[in-house]
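Everything on this sheet refers to the single structure shown next.
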Amino acid sequence: MGLLDGKVAIITGAGGGIGRAEALLFAQEGAKVVVNDVGGARDGTGGSDAMARKVVEEITAAGGVAVANFDTVATAAGAAGIVKTALDAFGRIDVLVNNAGILRDKTLLKLDEEQWDSVIAVHLRGTFLVTQAVVKQMIAQGGGGRVVNTTSVSGMVGNFGQSNYAAAKAGIYGFTRTAAIELQKHRITVNALAPVAKTRMTEDLPMFQAGMESLTPEHIAPAALFLGSDLCADRTGHVLAVTGSQVFAYKVVQSAGKFKDEGAAWTAQEIADHWEAITKV
Ligand code: NAI
């Protein structure tokens with residue numbers, strides 16, 4: 001008995017890294033998997049069928065069921081193509097993992113419009129477009145489903161040189177919170193995963209040079225499985241983070257704050273004078 005027996009799952013960007021590990025685990029747990037990947041370089045340039053095809057071969061060799069799709073998540077036509085592949089092959093969609101991503105790191109002062117737009121297009125626009133196309137299908141099927149988005153520590157707390165990527169990932173957080181609220185009545189849960197793992201995206205970061213053997217995509221995949229399975233049927237709008245053997249949640253915290261006399265506005269000087277009390281959690 002697998003946690004995803006009889007389910008159909010789409011995983012975007014599943015030709016390598018974290019998405020590949022998720023696809024292999026989902027198939028092992030009984031899902032029929034759409035392995036989507038444009039097969040480009042880390043910065044989003046280029047493309048080939050080879051990456052997605054190879055993961056489909058791995059799944060099939062292990063006795064699982066999968067089909068490849070090579071559409072980009074960043075356009076409405078691509079999102080429609082991904083849904084069509086799932087329906088043509090398997091007739092329904094139960095789980096979507098929005099995992100596809102690229103990097104164009106630059107400090108804010110050097111970042112150009114192309115580097116901004118391309119990163120926002122794949123992560124944030126792609127998450128919106130594929131989610132919208134998929135949840136329309138889930139609702140047409142009678143409702144019920146799981147959406148697992150992929151955010152990042154960079155979007156939650158910021159990271160030097162990643163203002164484009166952090167903005168996209170923080171946008172995915174806001175998207176997740178709102179989609180969770182809107183789709184609750186259709187029994188569709190929408191949660192996000194914040195992974196840290198050694199992949200081609202991160203392998204040149206100093207923290208991955210110095211050992212850290214536990215930071216693998218295989219440590220991340222079970223958390224995506226949890227969010228994509230019925231173990232998560234009653235949980236929506238959460239951000240689950242996995243860093244090696246540590247699992248935790250990201251939450252927005254509102255401080256208790258401080259009231260002035262009823263109806264009175266705070267002056268700028270008063271805010272400065274009471275900063276500690278106002279921001280204390
Ligand atoms: P990766 O580069 O191995 O995987 C990303 C995959 O997305 C690639 O196979 C790529 O070809 C595919 N892709 C890129 N643009 C696409 C498009 N337009 N349409 C379809 N597929 C596309 O990197 P990794 O690390 O596995 O990243 C997976 C996700 O996890 C990304 O969303 C990334 O931002 C996120 N993440 C990863 C972290 C890490 O430590 N590796 C940290 C935080 C977030």
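Every chain in the structure tokens takes a letter, A first, then B, and so on in the order presented; its residues are numbered from 1, and the ligands are numbered from 1 following the presented order.
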Point to revise | Expected answer as JSON, numbers by chain: strand (DSSP E or B) residues in stretch 77-228 of chain A | key: {"A": [95, 96, 97, 106, 145, 146, 147, 148, 149, 150, 162, 188, 189, 190, 191, 192, 193, 194, 195, 196]}
Residue subset to file, keeping C-alpha atoms, as a tab-separated table (two decimals), in the first residue's frame:
chain	number	residue	atom	x	y	z
A	95	VAL	CA	-1.53	16.30	-6.86
A	96	LEU	CA	0.54	19.18	-8.23
A	97	VAL	CA	4.06	19.97	-7.05
A	106	LYS	CA	23.08	39.38	-8.92
A	145	GLY	CA	-6.59	17.70	-4.42
A	146	ARG	CA	-3.19	18.77	-3.18
A	147	VAL	CA	-0.98	21.62	-4.36
A	148	VAL	CA	2.58	21.76	-3.05
A	149	ASN	CA	4.47	24.95	-3.89
A	150	THR	CA	8.20	25.48	-3.44
A	162	GLN	CA	18.97	37.12	-4.63
A	188	ILE	CA	-7.95	21.39	-2.26
A	189	THR	CA	-5.07	21.98	0.14
A	190	VAL	CA	-2.29	24.39	-0.83
A	191	ASN	CA	0.95	24.28	1.16
A	192	ALA	CA	4.56	25.19	0.49
A	193	LEU	CA	7.86	23.47	1.02
A	194	ALA	CA	11.08	25.36	1.86
A	195	PRO	CA	13.93	22.96	1.07
A	196	VAL	CA	17.68	23.12	1.47
Point to revise | Test item: residues lying within 6 Å of ligand 1 with only C-alpha atoms and all ligand atoms, as an MDAnalysis selection string | key: chainID A and resid 12:19 37:40 42 44 72:74 99:102 122 150:152 194:202
Could you please take those selected residues and save N, CA and C atoms as a tab-separated table (two decimals), in the first residue's frame?
chain	number	residue	atom	x	y	z
A	12	THR	N	6.59	19.62	-11.51
A	12	THR	CA	7.28	20.47	-12.48
A	12	THR	C	8.77	20.52	-12.12
A	13	GLY	N	9.59	20.68	-13.15
A	13	GLY	CA	11.03	20.72	-12.92
A	13	GLY	C	11.55	19.42	-12.30
A	14	ALA	N	10.97	18.29	-12.73
A	14	ALA	CA	11.31	17.00	-12.10
A	14	ALA	C	12.40	16.25	-12.85
A	15	GLY	N	13.09	16.95	-13.75
A	15	GLY	CA	14.16	16.27	-14.50
A	15	GLY	C	15.47	16.18	-13.74
A	16	GLY	N	15.55	16.78	-12.57
A	16	GLY	CA	16.79	16.72	-11.79
A	16	GLY	C	16.53	17.21	-10.37
A	17	GLY	N	17.56	17.17	-9.55
A	17	GLY	CA	17.52	17.77	-8.21
A	17	GLY	C	16.37	17.28	-7.35
A	18	ILE	N	15.72	18.21	-6.66
A	18	ILE	CA	14.65	17.90	-5.70
A	18	ILE	C	13.43	17.31	-6.42
A	19	GLY	N	13.08	17.88	-7.58
A	19	GLY	CA	11.91	17.39	-8.32
A	19	GLY	C	12.06	15.93	-8.73
A	37	ASP	N	9.78	18.85	-17.33
A	37	ASP	CA	11.04	19.61	-17.24
A	37	ASP	C	11.42	20.12	-18.63
A	38	VAL	N	11.81	21.39	-18.69
A	38	VAL	CA	12.27	21.95	-19.97
A	38	VAL	C	13.70	21.51	-20.28
A	39	GLY	N	14.40	21.03	-19.27
A	39	GLY	CA	15.75	20.50	-19.51
A	39	GLY	C	16.79	21.54	-19.87
A	40	GLY	N	16.65	22.73	-19.32
A	40	GLY	CA	17.62	23.79	-19.61
A	40	GLY	C	18.75	23.84	-18.59
A	42	ARG	N	20.96	25.85	-15.44
A	42	ARG	CA	20.54	26.39	-14.15
A	42	ARG	C	19.94	27.79	-14.27
A	44	GLY	N	18.23	28.82	-16.77
A	44	GLY	CA	17.01	28.80	-17.58
A	44	GLY	C	17.26	28.82	-19.08
A	72	THR	N	7.24	24.59	-20.83
A	72	THR	CA	7.64	25.53	-19.79
A	72	THR	C	6.46	25.85	-18.88
A	73	VAL	N	6.74	26.03	-17.60
A	73	VAL	CA	5.68	26.43	-16.66
A	73	VAL	C	5.36	27.92	-16.79
A	74	ALA	N	6.22	28.66	-17.51
A	74	ALA	CA	6.16	30.12	-17.46
A	74	ALA	C	5.15	30.75	-18.42
A	99	ASN	N	7.61	22.89	-8.61
A	99	ASN	CA	9.00	22.80	-8.14
A	99	ASN	C	9.99	23.46	-9.11
A	100	ALA	N	9.58	23.67	-10.37
A	100	ALA	CA	10.51	24.19	-11.38
A	100	ALA	C	11.11	25.51	-10.94
A	101	GLY	N	12.39	25.70	-11.26
A	101	GLY	CA	13.02	26.96	-10.85
A	101	GLY	C	14.32	27.20	-11.58
A	102	ILE	N	14.70	28.48	-11.61
A	102	ILE	CA	16.00	28.88	-12.18
A	102	ILE	C	16.63	29.92	-11.26
A	122	VAL	N	9.49	32.17	-14.15
A	122	VAL	CA	9.50	30.72	-13.91
A	122	VAL	C	8.91	30.40	-12.54
A	150	THR	N	6.82	25.50	-3.96
A	150	THR	CA	8.20	25.48	-3.44
A	150	THR	C	8.67	26.90	-3.20
A	151	THR	N	8.85	27.24	-1.93
A	151	THR	CA	9.39	28.55	-1.58
A	151	THR	C	10.84	28.34	-1.14
A	152	SER	N	11.38	29.26	-0.37
A	152	SER	CA	12.80	29.16	-0.02
A	152	SER	C	13.11	30.01	1.20
A	194	ALA	N	9.86	24.53	1.93
A	194	ALA	CA	11.08	25.36	1.86
A	194	ALA	C	12.28	24.44	2.05
A	195	PRO	N	12.86	23.95	0.96
A	195	PRO	CA	13.93	22.96	1.07
A	195	PRO	C	15.32	23.58	1.16
A	196	VAL	N	16.25	22.82	1.68
A	196	VAL	CA	17.68	23.12	1.47
A	196	VAL	C	18.32	21.79	1.11
A	197	ALA	N	18.93	21.72	-0.08
A	197	ALA	CA	19.56	20.48	-0.51
A	197	ALA	C	20.63	20.78	-1.54
A	198	LYS	N	21.61	19.89	-1.59
A	198	LYS	CA	22.68	20.06	-2.56
A	198	LYS	C	22.18	19.58	-3.93
A	199	THR	N	22.03	20.52	-4.85
A	199	THR	CA	21.63	20.22	-6.22
A	199	THR	C	22.51	21.08	-7.12
A	200	ARG	N	22.27	21.04	-8.42
A	200	ARG	CA	23.07	21.90	-9.31
A	200	ARG	C	22.81	23.38	-9.02
A	201	MET	N	21.64	23.66	-8.38
A	201	MET	CA	21.29	25.04	-8.06
A	201	MET	C	22.15	25.60	-6.92
A	202	THR	N	22.57	24.71	-6.02
A	202	THR	CA	23.22	25.18	-4.79
A	202	THR	C	24.64	24.65	-4.59
Hey, what's within 9 Å of A:Gly81 if we count only C-alpha atoms and toss same-chain stuff fewer than 6 positions away? As a compact mmCIF listing (two decimals) with all heavy atoms, in the first residue's frame, please?
# COMPACT_ATOMS: atom_id res chain seq x y z
N ASN A 69 6.89 15.37 -19.87
CA ASN A 69 6.35 16.57 -20.50
C ASN A 69 7.46 17.62 -20.50
O ASN A 69 8.20 17.74 -19.52
CB ASN A 69 5.13 17.09 -19.72
CG ASN A 69 4.69 18.45 -20.24
OD1 ASN A 69 5.28 19.47 -19.89
ND2 ASN A 69 3.69 18.48 -21.08
N PHE A 70 7.57 18.37 -21.59
CA PHE A 70 8.72 19.28 -21.75
C PHE A 70 8.29 20.74 -21.85
O PHE A 70 9.06 21.60 -22.27
CB PHE A 70 9.51 18.88 -23.01
CG PHE A 70 9.63 17.39 -23.18
CD1 PHE A 70 8.91 16.71 -24.15
CD2 PHE A 70 10.44 16.66 -22.31
CE1 PHE A 70 9.00 15.33 -24.28
CE2 PHE A 70 10.54 15.28 -22.43
CZ PHE A 70 9.82 14.61 -23.41
N ASP A 71 7.05 21.04 -21.50
CA ASP A 71 6.55 22.41 -21.61
C ASP A 71 7.12 23.30 -20.51
O ASP A 71 7.36 22.85 -19.39
CB ASP A 71 5.02 22.42 -21.50
CG ASP A 71 4.35 21.85 -22.74
OD1 ASP A 71 4.76 22.24 -23.85
OD2 ASP A 71 3.44 21.01 -22.59
N THR A 72 7.24 24.59 -20.83
CA THR A 72 7.64 25.53 -19.79
C THR A 72 6.46 25.85 -18.88
O THR A 72 5.32 25.95 -19.34
CB THR A 72 8.18 26.85 -20.40
OG1 THR A 72 8.49 27.75 -19.31
CG2 THR A 72 7.17 27.54 -21.32
Exercise for review: Write out as an MDAnalysis selection string the residues lying within 7 Å of stretch 20-30 of chain A, counting only C-alpha atoms and excluding same-chain residues fewer than 2 positions away.
Suggested key: chainID A and resid 2:6 11 14:18 32:33 35 55 59 64:65 217:218 221 224:225
Point to revise | Å distance separating atom CA of A:Lys7 from atom CA of A:Asp94, one decimal place | key: 5.7 Å
